[in-house]
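**Student:** Take this structure, written in structure tokens, and hold onto it; I'll ask about it next.
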Amino acid sequence: MYLQNLYLRAFRNYLEQEVVFHSQKTIIVGNNAQGKSNLLEAIELLATLKSHRALRDRELVLDGEVAGQIEATVKRVYGTADLTIKLRKQGKRTFAVNHESLRRSVDFLGYLNAVQFSGLDLDLVRGGPESRRDWIDGLLIQLEPVYAHILQQYHQVLRQRNALLKAIRKQEQDRQLGLSTTAIDRQQLALWDAQLAASGSRVTRRRARVLTRLAPIAQSWHDRISGKTEMLQIEYAPNVEWTEDEPEKVQLAFLEKMELRRNAEYYQGKTVVGTHRDEIDFTIDGTPARYYGSQGQQRTLVLALKLAELELIEEIIGEPPLLLLDDVLAELDPNRQNQLLETIGDRFQTFITTTHLSSFNHDWIQDSQILTVKAGKIVEH
Amino acid sequence: MLPGVGPKTAQRLALYLIKRSDKEVEDLAQAILNAKKQVGLCRVCFHLSAEPVCSICSNPHRDRNIICIVSDSRDVIALEKTREYRGLYHVLGGTISPMAGIGPEQLHIESLVRRVTKEKVAEIIIAISPSVEGETTTLYIGQLLKPFTKVTRIAFGLPMGGDLEYADEVTLARALEGRRELE
Ligand SMILES: Nc1ncnc2c1ncn2[C@@H]1O[C@H](COP(=O)(O)OP(=O)(O)OP(=O)(O)O)[C@@H](O)[C@H]1O
Ligand SMILES: [Mg+2]
Ligand SMILES: [Zn+2]
């Protein structure tokens with residue numbers, strides 16, 4: 001797939017900017033705080049509807065404006081698509097594909113795929129389990145857009161079930177204090193147990209499936225980058241364990257664990273069983289990478305995971321995704337840098353940000369379209 | 001304050017009212033109050049109604065063997081527009097949502113069970129939108145009523161998590177035909 005052009009209006013520090021891309025590689029160069037990452041963020045939003053930096057849409061709209069817009073044209077094997085996202089300071093985003101507005105965000109996903117790799121990604125190894133869940137969920141959404149809906153449902157069930165458990169706990173506390181209570185039917189919990197089991201099983205089965213496919217690819221990249229000196233292992237550690245990949249059996253495992261943890265849930269007033277407590281374990285030569293890996297080892301690991309993501313998306317979608325590299329090259333040693341650049345070659349349309357062109361070799365600069373960013377304005381070399 | 005009335009319309013209304021006599025404005029106020037007093041809920045199906053029993057429940061040509069369960073009066077209005085459905089309704093008045101403090105007790109469910117067990121109802125159609133709360137409510141009602149009658153649900157060709165209200169008439173009519181029995 002190929003991103004032909006991008007138009008930003010009132011997005012981050014861009015008032016109005018059109019860019020036409022004409023090379024497989026685009027280098028975005030500029031000083032700090034000029035808008036390099038903002039440009040990549042716009043592409044990330046088109047691919048995933050998520051930004052790894054912004055929590056709310058209001059951050060994405062240019063200060064002083066009420067709404068911003070991202071437009072792009074993507075060329076796919078089967079044709080081109082015009083994508084539009086409208087972001088608002090207040091109110092919901094809206095989407096359009098080929099100028100037809102869409103009711104559901106799920107329908108917007110799948111036109112553009114991208115793998116984002118930024119300096120922050122060491123969180124993937126060092127951060128809490130949440131970073132790893134977000135990562136695998138982000139990948140799943142690109143491979144199977146309906147997963148965005150499945151995940152939303154799971155979190156809604158979780159919020160509702162937590163509200164019920166909290167109300168039950170409050171009722172119990174009031175009762176012990178001799179206060180009159182509003183009766184809550186504990187039977188209702190059984191309904192939410194069933195809902196958690198149903199949506200949780202959809203989430204966990206997909207996470208397991210994608211990790212099974214991703215792990216060998218990541219391992220082989222890891223071998224290549226580390227020169228086969230270290231052995232990487234990726235293991236899915238779901239909160240609810242199951243063995244047979246059948247919806248009914250997985251749901252049953254959820255129900256059994258909820259029964260087992262019933263008292264803990266009453267006591268804590270929240271859901272302690274489910275995929276919101278899943279973990280993904282990375283080990284290098286048998287030791288957890290999170291604690292024992294050196295910074296270099298952790299970088300190698302993240303690089304292997306990202307390259308595996310690229311390959312898996314290409315394999316499943318049938319077209320190479322875009323690669324977004326934000327401040328990454330400077331952080332890699334020459335060996336890993338070459339590994340990455342060689343892999344990219346001409347296969348993936350790549351966007352790279354940098355503060356200095358000097359970090360690239362001559363050939364790369366020759367092959368690339370070079371854009372200079374200054375205070376939210378882009379000029380081409 | 002009023003739905004569909006923005007600040008500009010409100011200003012225009014205020015200017016209009018200022019120019020009328022006190023008597024005229026009083027009559028208008030009385031008319032609004034009467035309307036509010038008259039609109040209540042049908043005591044059989046809980047649809048909005050000016051009479052104690054709504055025009056659907058009291059219509060002798062409606063099929064009394066089928067009851068369609070919806071969460072809101074707006075859904076009755078949407079389904080009536082299709083002109084496909086000739087049975088009766090039961091409006092729950094919401095869906096189960098612990099976050100909103102709504103449990104089965106807060107909905108018109110007890111009266112529904114009474115209705116189904118007393119009158120001989122051949123079929124219950126559940127037409128609740130497939131949100132998480134809607135699914136949970138459907139599950140609950142299905143469990144309650146299955147011992148007494150055949151329970152089907154509309155096979156929604158509706159947007160995921162969407163409201164019944166937004167579904168167009170063709171989709172709804174098709175959904176009614178394609179309903180399937182609840183497992
Ligand atoms: N909503 C917004 N409205 C206006 N300006 C914004 C908005 N959000 C961010 N900015 C500005 O954008 C700039 C940051 O841009 P960006 O993160 O793209 O920098 P960068 O070029 O990647 O810099 P670095 O090299 O430090 O990573 C900051 O000056 C910030 O104040
Ligand atoms: Mg940056
Ligand atoms: Zn009625």
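By convention here, the chains of the structure tokens are called A, B, ... in the order presented, each chain's residues are numbered starting at 1, and ligands are numbered starting at 1 in the order presented.
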Mind listing the residues within 8 Å of ligand 3, only C-alpha atoms and all ligand atoms counted, as a PyMOL selection string?

**Tutor:** chain B and resi 41-49+53-58+88-90

**Student:** Throw together the list of residues within 8 Å of ligand 2, counting only C-alpha atoms and all ligand atoms, and drop it here as a list in words.

**Tutor:**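 Final answer, ordered by chain and number: Asn32, Ala33, Gly35, Lys36, Ser37, Asn38, Asp326, Asp327 and Thr353 of chain A.
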
**Student:** Smallest atom-to-atom distance to ligand 1: which of A:Ser294, A:Asn263, A:Thr26, A:Asn13, using only C-alpha atoms and all ligand atoms?

**Tutor:**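 When distances to ligand 1 are compared using only C-alpha atoms and all ligand atoms, the smallest one comes from A:Asn13.
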
**Student:** If you count only C-alpha atoms and all ligand atoms, which residues end up within 9 Å of ligand 1, as number ranges by chain?

**Tutor:** A: 10-15, 28-41, 58-65, 326-327, 353-355, 373-376

**Student:** Could you save the residues just selected, with N, CA and C atoms, as a CSV table (one decimal), in the first residue's frame?

**Tutor:**
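The resulting selection_13.csv:
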chain,number,residue,atom,x,y,z
A,10,ALA,N,-5.7,22.4,10.9
A,10,ALA,CA,-5.8,22.6,12.3
A,10,ALA,C,-5.5,21.3,13.1
A,11,PHE,N,-4.5,20.6,12.6
A,11,PHE,CA,-4.1,19.4,13.4
A,11,PHE,C,-2.8,19.7,14.1
A,12,ARG,N,-2.8,19.5,15.4
A,12,ARG,CA,-1.6,19.8,16.2
A,12,ARG,C,-1.1,21.2,15.9
A,13,ASN,N,0.2,21.3,15.5
A,13,ASN,CA,0.7,22.7,15.2
A,13,ASN,C,0.6,23.0,13.7
A,14,TYR,N,-0.1,22.2,12.9
A,14,TYR,CA,-0.3,22.5,11.5
A,14,TYR,C,-1.6,23.3,11.3
A,15,LEU,N,-1.5,24.5,10.7
A,15,LEU,CA,-2.8,25.2,10.4
A,15,LEU,C,-3.4,24.6,9.1
A,28,ILE,N,11.9,13.1,7.3
A,28,ILE,CA,11.3,14.4,7.8
A,28,ILE,C,12.3,15.0,8.8
A,29,VAL,N,12.9,16.1,8.4
A,29,VAL,CA,14.0,16.6,9.2
A,29,VAL,C,13.6,18.0,9.8
A,30,GLY,N,14.1,18.2,11.0
A,30,GLY,CA,13.7,19.5,11.7
A,30,GLY,C,14.2,19.5,13.1
A,31,ASN,N,14.3,20.7,13.7
A,31,ASN,CA,14.7,20.8,15.1
A,31,ASN,C,13.6,20.3,16.0
A,32,ASN,N,13.9,20.3,17.3
A,32,ASN,CA,13.0,19.8,18.2
A,32,ASN,C,11.7,20.7,18.2
A,33,ALA,N,10.6,20.0,18.5
A,33,ALA,CA,9.3,20.7,18.7
A,33,ALA,C,8.8,21.5,17.5
A,34,GLN,N,9.1,21.0,16.3
A,34,GLN,CA,8.7,21.7,15.1
A,34,GLN,C,7.4,21.0,14.4
A,35,GLY,N,7.2,19.8,14.7
A,35,GLY,CA,6.1,19.1,14.1
A,35,GLY,C,6.4,17.8,13.4
A,36,LYS,N,7.5,17.2,13.6
A,36,LYS,CA,7.9,16.0,13.0
A,36,LYS,C,7.0,14.8,13.5
A,37,SER,N,7.0,14.7,14.8
A,37,SER,CA,6.2,13.6,15.3
A,37,SER,C,4.7,13.8,15.1
A,38,ASN,N,4.3,15.0,15.0
A,38,ASN,CA,2.9,15.3,14.8
A,38,ASN,C,2.5,14.8,13.4
A,39,LEU,N,3.4,14.9,12.4
A,39,LEU,CA,3.1,14.4,11.1
A,39,LEU,C,2.9,12.8,11.1
A,40,LEU,N,3.8,12.2,11.8
A,40,LEU,CA,3.7,10.7,11.9
A,40,LEU,C,2.4,10.3,12.7
A,41,GLU,N,2.1,11.1,13.7
A,41,GLU,CA,0.9,10.9,14.5
A,41,GLU,C,-0.4,10.9,13.6
A,58,ARG,N,-9.1,16.6,22.0
A,58,ARG,CA,-8.9,18.0,22.1
A,58,ARG,C,-7.4,18.4,22.0
A,59,GLU,N,-6.5,17.5,22.4
A,59,GLU,CA,-5.1,17.7,22.3
A,59,GLU,C,-4.7,17.8,20.9
A,60,LEU,N,-5.4,17.1,20.0
A,60,LEU,CA,-5.0,17.0,18.6
A,60,LEU,C,-5.4,18.2,17.7
A,61,VAL,N,-6.3,19.0,18.2
A,61,VAL,CA,-6.8,20.1,17.5
A,61,VAL,C,-5.9,21.3,17.8
A,62,LEU,N,-5.5,22.0,16.7
A,62,LEU,CA,-4.7,23.2,16.9
A,62,LEU,C,-5.3,24.2,17.9
A,63,ASP,N,-4.5,24.7,18.8
A,63,ASP,CA,-5.0,25.6,19.8
A,63,ASP,C,-5.7,26.8,19.2
A,64,GLY,N,-6.9,27.1,19.7
A,64,GLY,CA,-7.6,28.2,19.2
A,64,GLY,C,-8.6,27.8,18.1
A,65,GLU,N,-8.6,26.6,17.6
A,65,GLU,CA,-9.6,26.1,16.6
A,65,GLU,C,-10.5,25.1,17.3
A,326,ASP,N,10.0,7.0,14.4
A,326,ASP,CA,10.2,8.3,15.0
A,326,ASP,C,11.4,8.3,16.0
A,327,ASP,N,12.4,9.1,15.6
A,327,ASP,CA,13.6,9.2,16.4
A,327,ASP,C,14.2,7.9,16.8
A,353,THR,N,11.7,10.3,11.0
A,353,THR,CA,12.0,11.6,11.5
A,353,THR,C,13.4,11.7,12.0
A,354,THR,N,14.0,12.8,11.9
A,354,THR,CA,15.4,13.0,12.4
A,354,THR,C,15.7,14.5,12.6
A,355,THR,N,16.6,14.8,13.5
A,355,THR,CA,17.0,16.2,13.7
A,355,THR,C,18.2,16.5,12.8
A,373,VAL,N,10.7,20.4,8.3
A,373,VAL,CA,9.6,21.0,9.1
A,373,VAL,C,10.1,22.1,10.0
A,374,LYS,N,9.4,23.2,9.9
A,374,LYS,CA,9.7,24.3,10.8
A,374,LYS,C,8.4,25.0,11.3
A,375,ALA,N,8.2,24.9,12.6
A,375,ALA,CA,7.0,25.5,13.2
A,375,ALA,C,5.7,25.2,12.5
A,376,GLY,N,5.5,23.9,12.2
A,376,GLY,CA,4.2,23.5,11.6
A,376,GLY,C,4.1,23.8,10.1

**Student:** Compute the chain A side of the contact with chain B at 7 Å, counting only C-alpha atoms, and hand it back as an MDAnalysis selection string.

**Tutor:** chainID A and resid 153 156:157 160 163:164 191

**Student:** Please provide as a PyMOL selection string all residues within 9 Å of A:Glu311, with the sequence filter that same-chain residues fewer than 5 positions apart are discarded (counting only C-alpha atoms).

**Tutor:** chain A and resi 214+217+306+316+320-321

**Student:** Restricting it to C-alpha atoms, dump the selection as a PDB file, in the first residue's frame.

**Tutor:**
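And here is the file that came out, result.pdb:
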ATOM      1  CA  LEU A 214       4.045 -13.617  15.614  1.00  0.00           C
ATOM      2  CA  ILE A 217       8.809 -14.517  13.100  1.00  0.00           C
ATOM      3  CA  LYS A 306       8.485  -4.514  15.234  1.00  0.00           C
ATOM      4  CA  ILE A 316      -2.073 -11.462   6.404  1.00  0.00           C
ATOM      5  CA  PRO A 320       3.239  -4.273   2.911  1.00  0.00           C
ATOM      6  CA  PRO A 321       2.173  -1.819   5.637  1.00  0.00           C
TER       7      PRO A 321
END
